[in-house]
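Right, one structure below, let's go through it.
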Protein chains: 4
Amino acid sequence: MKKALIVGATGFGGLGLIEILLRHKGFQIAQLVARKDVGKKISEVFPHLEGFCDLPVQSPEEINYNDIDIAFFSTPDKAGMYMIHTFYEKNIPVIDFSGDFRFTTIDDYTIYAKNKGMNTEHTSPDVLAHTVYGLPEKYSEKIKKAKIVGNPGCFAIAMILGLLPAVEEGIIDSETIICDGKTGVSGAGKNPGEANFYPQRYEDVNTYREGHHQHVVEVENIVNANSTKKHKILFIPQIVPLNRGILVTMYADVQSNINSDSLFEIYKSYYSNKPFIHITHRSCHTTDVRGTNRCQIRPSIDLRTGKLFITSVIDNLIKGQSGNAVQNANLIMGFDETEGLMVPAFYP
Amino acid sequence: MKKALIVGATGFGGLGLIEILLRHKGFQIAQLVARKDVGKKISEVFPHLEGFCDLPVQSPEEINYNDIDIAFFSTPDKAGMYMIHTFYEKNIPVIDFSGDFRFTTIDDYTIYAKNKGMNTEHTSPDVLAHTVYGLPEKYSEKIKKAKIVGNPGCFAIAMILGLLPAVEEGIIDSETIICDGKTGVSGAGKNPGEANFYPQRYEDVNTYREGHHQHVVEVENIVNANSTKKHKILFIPQIVPLNRGILVTMYADVQSNINSDSLFEIYKSYYSNKPFIHITHRSCHTTDVRGTNRCQIRPSIDLRTGKLFITSVIDNLIKGQSGNAVQNANLIMGFDETEGLMVPAFYP
Amino acid sequence: MKKALIVGATGFGGLGLIEILLRHKGFQIAQLVARKDVGKKISEVFPHLEGFCDLPVQSPEEINYNDIDIAFFSTPDKAGMYMIHTFYEKNIPVIDFSGDFRFTTIDDYTIYAKNKGMNTEHTSPDVLAHTVYGLPEKYSEKIKKAKIVGNPGCFAIAMILGLLPAVEEGIIDSETIICDGKTGVSGAGKNPGEANFYPQRYEDVNTYREGHHQHVVEVENIVNANSTKKHKILFIPQIVPLNRGILVTMYADVQSNINSDSLFEIYKSYYSNKPFIHITHRSCHTTDVRGTNRCQIRPSIDLRTGKLFITSVIDNLIKGQSGNAVQNANLIMGFDETEGLMVPAFYP
Amino acid sequence: MKKALIVGATGFGGLGLIEILLRHKGFQIAQLVARKDVGKKISEVFPHLEGFCDLPVQSPEEINYNDIDIAFFSTPDKAGMYMIHTFYEKNIPVIDFSGDFRFTTIDDYTIYAKNKGMNTEHTSPDVLAHTVYGLPEKYSEKIKKAKIVGNPGCFAIAMILGLLPAVEEGIIDSETIICDGKTGVSGAGKNPGEANFYPQRYEDVNTYREGHHQHVVEVENIVNANSTKKHKILFIPQIVPLNRGILVTMYADVQSNINSDSLFEIYKSYYSNKPFIHITHRSCHTTDVRGTNRCQIRPSIDLRTGKLFITSVIDNLIKGQSGNAVQNANLIMGFDETEGLMVPAFYP
C-alpha cells in the first residue's frame, strides 16, 4: 500500500479524499494535516467518519516526510506555494487543489490571482515550469511523470472537457465561446460566506464574477493550447440552491458541414477510451453524476439557429476536485486509472 | 369595487390572484371557479386562506355572468379557448394565463402547441385577431381597450423585458440571441410531475426542451415586431431546486460604439416611467424580486469579449403570472397600474 | 403617524419590522440604527428594499430621541440592557427582542444566561421590576401601559400559547410537560453559524441544547404563573432544513374526564377573541402560517394512550419575533391590535 | 456468487438494493422485476446506473426460478402476499419490504392495514406463522434459518433499536412511551404524493397519522415481546423538508436508580458486538448516518425532570430499508453480516 498524506484534511476536499482512499486498494491514508483542529481525531471534526478513519489531525510542522509516497494539498490558494520545495526536493509527488500550480507562467498566475481578488505574488515561481495541469483525459502521459500536478478548478474541468473535442477538431467558428455555469454551494468550501447561509441561499439564484471568474484563465490556456485558433471564453458563473453539482451550457458558432450526428461521433471517438467521460443524447442532470467521478457531456447542434450547444455536468467535489485528484494519483503511482473511483451516483 | 371572476382558482395562478386581490382596493373576488374541488371552500383547498377567503369553489357551469366585471382564466392550455365566446359576447374582459390567446395567428399557435407537445387545434380562431399580448410595459394603450389579453409566459416575459431596449435601439448585431434560463419548480404548477417530487428535485439541475421551449415563439414575435432586424432566440431552459424565481442570462453581439455606460442609459431611459422595472449595476438575485411584481435587469457589455450580456430576474408566479395579470387588469379598469402590487420582496 | 425607531435594523428582526411597518397605517419608520453598515442605506444592505425603504443606517450615538414615539430593540442579548435607561427616562416605550427584559428577577435572568452560555451579569437590574412579558394574548392590559416589553422567545411563544388553556383549566395531571420543538434556520439570525451553511444544513436534522434551551425559563415562568400546579418543561429543540417555521409537539397526562371534544371547546373558548390564534382539528403545517402573525394550535387527546397531545405552529420571524412585537406596539399606541398584521400566508 | 432477484426494482427500495449489491462480494444481481418499465434497461429508468447495471426489467411472469438464491421483494403492501407461495415451495428465501410478513398473526396485520387505510385481507395467512421479523440486532439466529423475513418499517426500526436496551433491562416505569418521529420525504417512495412536490414540501413541516401510524403495531409487538411489562407507544410522525433521514426522540419515565452513566453502559453493553449500532454522547445528526446502515443512538436521563430521553437516527433508505435487508440476507447466506454495508456517510 502506498502512503498518502492529506494536507487540508478538515475541508471538503480533504474529506472527499478520505472517503475515496478508504475504499482504494492501493493507497493507505498515512497522515492528516491541517491548521485547525490539530490534535483532534478527524472523526471528531467529521463525526460520520468514526470507526472508518480516526487518525489524528497534525500540524504542518509535524509532517513525517519519510513516510509519504504521495501528497495531496487540499489547501486554499497560497498554502501550497509555501510548502512545495520540501516535497519537490524529497521527490514526493504533490497534487495541489488550488490555483498555485495550475499555470506554468507568472503572467497567467497573476491574472488568476487578480480575478480572485488576491495579491499576485507567487513565492515559488521556480517550480511553475515543472508543473503539469491535472487533466487526465488529456495529459495522462505527462501526469504519469509529474512531480507537481495542479488539479483543475471545478468549473474549469467541466468546461474544458465539454469543449476539447470541438476545439481540437477545429469546428468552432466564433472567436468567443459562451459558457453559462451553474454550481452548487459546496464548491465554495466549508465556510462559503454569508450569502450561503441556509436562509440566504435556499431560495436564491444569482450571477457573480460575471466575465472575470478565475477559472477562465485555465480554460483559455488549455483550449487554445489545443487549437489552431485563439478562443476567448465568456464565462458567467451562477450559484443555485444545490449542494453538489455543476452544469455548464456552452454556445458557439460551428462550421456548417457539421451536424448533430457527426458532432456526436466526434465526441464519442475523442473520449472512446476515457472511463469517466459519458457522451449522451439525453438532457443532462446533475443527479446523474452526483458522488461520482463521471463527466457527462451532451454535444448538439441547435436545428433552428445552427449554433453549437454543449452541456456538461460533474460533481464539483469529485470530478471537480478529490476524485480527479485520485485519478491523477492513480496515474502517477501506476494504478488502474479508475481504482477507488468506480461507484454509481448517490441517488436519490 | 369591481367584481373579479377567477377560473382555475385552485392552482398556483389562481392562488396568486386571490392573494393579490385580497389587498387590492379596486377589486373584489366575486366568484371562484375550478373543475376539481367544486363545492369546497377555497380555504379547504388552501388552508392558509381560512379567515381571509372562504368563498366556495364553483364549477364552470355555475358561473353567474351578471356579476363579473373582469375574468381571469388561470387555466391550462385549451381551457380558455372553449370558454372565450361567452365572455367576449357579454363584453367581459378576459385575461388568460395560457398560450391560447398569446398569438394573433393560427400559425404561431401551431408552433407553440407543437413545442409543448399538444395537439395544434384551436377552437376559437376567430378571436385571435382581437387578442392583445399582455405586456403592460410595451402595450399599455392596447391593453386598456382590450377584451382578450393573453398573459405572457413566465420565461417569455423575463426575456422580452430584458431584450426590448437593446432590440428597439437596434444595437444588436447578431441574428441569434442566446437565452440561458433558470427557473424554479413552481412554474410547472401544483402537479409538476415525477421529476419534481422532493427527492428527485432537491439536488438536481437539468436542461429540458433545449432550443424548442414553447415560449420562444412569443419572444421572437414581440422582439421582431419591435426591431428592424429579424432575430432568432436560442433558448435553453433549466430547472433548478428553487421554488420561485426565474433568472435568464442573455448573450448577443453588440455594435462597437455602445459601451456599458451608454447601454445602461438606454435601459434606464426606456423604462424610465415603468414602476416595476428595476435597472441595476449589481449582480441579480432571484431573492431580490421574490413575491413581487418587479423585473430586475442588469445590462452590460463584457469587457474582454465585447459581447452584450443581460441578466433578468422575476418571480415566475408574480411578474411571470398573477401579478402581471393584475397589472393588466388595472390598466383595463382604469386603476393605478401599481394597485395591489407594491409590496417588497418576501425575505428571507 | 407615530414614529418608530428600529435598533438592530440590519438583522432579520429589523428587516421583519421594516416590512410590517411599511404597510402599517399608524407607524412611520423614522430612524434605523445598527452597529454595522452605518452610513449605508438600508436598501444597500437589503437590496430588495430599494424603492420601499431607503433610509440610512445610523449608529446608536446618532439617535435623535426627540423624534421617537416607540423603540424596537431588535438586538442581541446584552445590547438593550445598556441602552434602556435613556429611553426609560425619556418615557419612550421600548419593545426588546432579546432575553434582557423577559424576566422580572435577576435569578431568572441568570438561569437564562447560563443556558445560553453567556455571562450572567445584567447591567440594568433596576428596570426588571418594570418590564412586562410581551404576550398580547395574555397580558394585553399590562402591555397597553408598559414602558418596557420583553418580546418572547420564538420557541417560547409557540409553547406557551399551546399550553396556556390546558394549564389554566387545571387539566394537566403530570408534573413534567414534554415539548418536542422543530425550528427552521432563520431563527438563528443572519449569521447562524457553520452548522447552518447550506452544505451542512440542507440534509441535516439534529437535536441541540437538549433539556436546557434558554426558552425553558420563560415558558415555566408563564405557565406556572397561571397554574395552581407547578410544571416542569422538558424541551428538546431540533433544527430542520427549513427556513421559516416552528412546529412544537407537546405531551402530558390529562384528567380522565376530558375528551377531545371538551378539550377543543376549552381552547376555542380561551382564544375566542384572539385574532391571531387559530384552533384547528387538522394536522398542523408550518406553511399554513408562513409569513403571518398566526399561531395555529391543534389540541387533542390520543385515544389509545389517553395522553394530552398538542401541536402548535408559528412563523418564527413573525409571531415568533417582529409580528408579535408590532402587535405589542399596537396595544401600547392604542391602534387596532391587528393593524399591519393581517396578511395571508406566503404560499407556495 | 449467490444470485439475487429484486422484485420492485424500479422503486427507491430496489435502487438501494442494486447500489449495495453492486459492491457486494457475495451477491450477483441476477434478475430485476417490476410491473412498470418492463423491457427497458434499469439504466434507462435510473440513468445514473448506466455502465454499472444495465440489466433489463422483467415482468413478474418472466421470473426464472431456477436461477435465484435469494429474493428481495421491494414491493408495496399486498404484492408479496400474492407471490410468496411459489418462493416458499421452491425453498427460495424471501426478504419482503412491506407489512405483508411483519406480523405472525392476522389480528396484528389487520390493525396495521387499518392504520394504513387499506383493506385488511391477507391472501396468504398460512405463511404468517413461518415469518421472522427482520431485526438482525435481535433475531439473528432466527433470521439465519428463515425462509420469509419481514423487513421492518423504517420508523419502526429506529424506535425499536432505541428502546430495546431500556425495555429489556426493565427500567422504564411508565406504561406509555412517547415517540416523536421526523422523517425525510424519500421514505414515501418515488411517488410521494402532492404534498411532497417540491413547491409544497420545500418549506413545510407537518404532523400526520398522529397516534395511529402503521408502524406502531410492530414496535409494540417487539418491545412487549422483550419486556415483562406491557408498553404502549404514542407515536407522532412528522415530515420535514429532508430527503433521507429519520430522527426519533423518545421519552419515558425511568427507575430512579438509573443515571445517565449507568444508562449509557446498559446501551453500550447491549449492542457491544453489533457492528451497525453506534451509541454516543453527542447530539444526533441525520447527516452522520446518511447513506449508511448505521443506527446512532443517544441514551440519556434529563437532569431537571428525571425523564428517560433517547434519540435515534438512521437513513430511512438504508438501515430503514435496503441496507437492513442486505444485512438479513448476509445472515441467511452465511456471509459476514457487514458485507457490502461498510461505507461511511455521504457528506456533505
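Starting from 1 in every chain, residues are counted up; chains themselves are A, B, ... following the order of the C-alpha cells, and ligands are numbered from 1 as listed.
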What residues in chain C lie within 6 Å of chain B, counting only C-alpha atoms, written as a PyMOL selection string?
chain C and resi 48+288+345
Applying 10 Å and only C-alpha atoms, which residues near Tyr267 of chain D remain after dropping the ones on its own chain fewer than 2 positions away? List them as a ChimeraX atom specification.
/D:162-166,169,262-265,269-272,277-280,297-299
Writing out the chosen residues with C-alpha atoms as a tab-separated table (two decimals), in the first residue's frame:
```
chain	number	residue	atom	x	y	z
D	162	GLY	CA	-33.63	2.97	20.51
D	163	LEU	CA	-35.90	1.34	23.08
D	164	LEU	CA	-34.84	-2.31	23.34
D	165	PRO	CA	-31.98	-1.98	25.86
D	166	ALA	CA	-34.08	0.07	28.27
D	169	GLU	CA	-33.43	-4.05	31.34
D	262	SER	CA	-25.38	3.60	34.01
D	263	LEU	CA	-27.86	4.06	31.20
D	264	PHE	CA	-25.04	4.62	28.75
D	265	GLU	CA	-23.37	1.44	29.94
D	269	SER	CA	-23.20	-3.38	26.61
D	270	TYR	CA	-26.43	-4.38	24.90
D	271	TYR	CA	-25.06	-3.50	21.47
D	272	SER	CA	-21.43	-4.38	22.23
D	277	ILE	CA	-25.18	0.34	16.23
D	278	HIS	CA	-23.37	3.41	17.43
D	279	ILE	CA	-24.01	4.60	20.99
D	280	THR	CA	-22.99	8.20	21.51
D	297	ILE	CA	-28.41	6.17	19.49
D	298	ARG	CA	-28.02	8.72	22.27
D	299	PRO	CA	-29.48	7.49	25.56
```
Distance query Gly14 of chain D at most 9 Å, only C-alpha atoms, self and fewer than 2 positions along chain excluded, as a ChimeraX atom specification:
/D:6-12,16-19,32,72-75,322
Residue with smallest distance to Asn191 of chain D - pool D:Ile236, D:Ile314, D:Pro76, D:Ile70, counting only C-alpha atoms:
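Smallest separation from Asn191 of chain D among the options: D:Pro76.
Atom pair atom CA of Gly211 of chain A / atom CA of Thr305 of chain B has a distance of 8.7 Å (rounded to one decimal).
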Which of these, C:Thr228, C:Thr176, C:Asn330, C:Thr183, has the shortest distance to Ser140 of chain C once you count only C-alpha atoms?
C:Asn330
Residue neighbourhood Ser59 of chain A, 6 Å, only C-alpha atoms, exclusion window fewer than 4 positions, as number ranges by chain:
A: 33-35, 38
If you run DSSP over the backbone, which residues in segment 10-198 of chain B end up strand (DSSP E)? Put them as JSON, numbers by chain.
{"B": [27, 28, 29, 30, 31, 32, 33, 57, 58, 70, 71, 72, 73, 94, 95, 96, 131, 132, 133, 148, 149, 150, 176, 177, 178, 179, 180, 181, 182, 183]}
Which residues are close to Asn324 of chain A, i.e. within 9 Å by only C-alpha atoms, leaving aside same-chain residues fewer than 3 positions away? Reply as a ChimeraX atom specification.
/A:134-136,151-152,293,318-321,327-329
Can those selected residues be exported to a file as an mmCIF file, in the first residue's frame so that it contains C-alpha atoms?
```
data_model
loop_
_atom_site.group_PDB
_atom_site.id
_atom_site.type_symbol
_atom_site.label_atom_id
_atom_site.label_comp_id
_atom_site.auth_asym_id
_atom_site.auth_seq_id
_atom_site.Cartn_x
_atom_site.Cartn_y
_atom_site.Cartn_z
ATOM 1 C CA GLY A 134 -4.010 17.712 -13.868
ATOM 2 C CA LEU A 135 -6.415 16.839 -16.631
ATOM 3 C CA PRO A 136 -6.005 13.087 -17.003
ATOM 4 C CA ASN A 151 -5.592 19.893 -10.042
ATOM 5 C CA PRO A 152 -8.006 21.902 -12.231
ATOM 6 C CA ASN A 293 -16.004 10.945 -10.922
ATOM 7 C CA ILE A 318 -15.436 14.592 -7.072
ATOM 8 C CA LYS A 319 -14.574 15.039 -10.760
ATOM 9 C CA GLY A 320 -14.246 18.716 -9.904
ATOM 10 C CA GLN A 321 -11.869 18.066 -7.024
ATOM 11 C CA GLN A 327 -7.372 9.743 -10.804
ATOM 12 C CA ASN A 328 -4.150 11.734 -11.213
ATOM 13 C CA ALA A 329 -2.596 9.917 -8.285
#
```
Output as a ChimeraX atom specification all residues of segment 170-304 of chain A that backbone DSSP marks as alpha helix (DSSP H).
/A:198-201,215-225,260-270
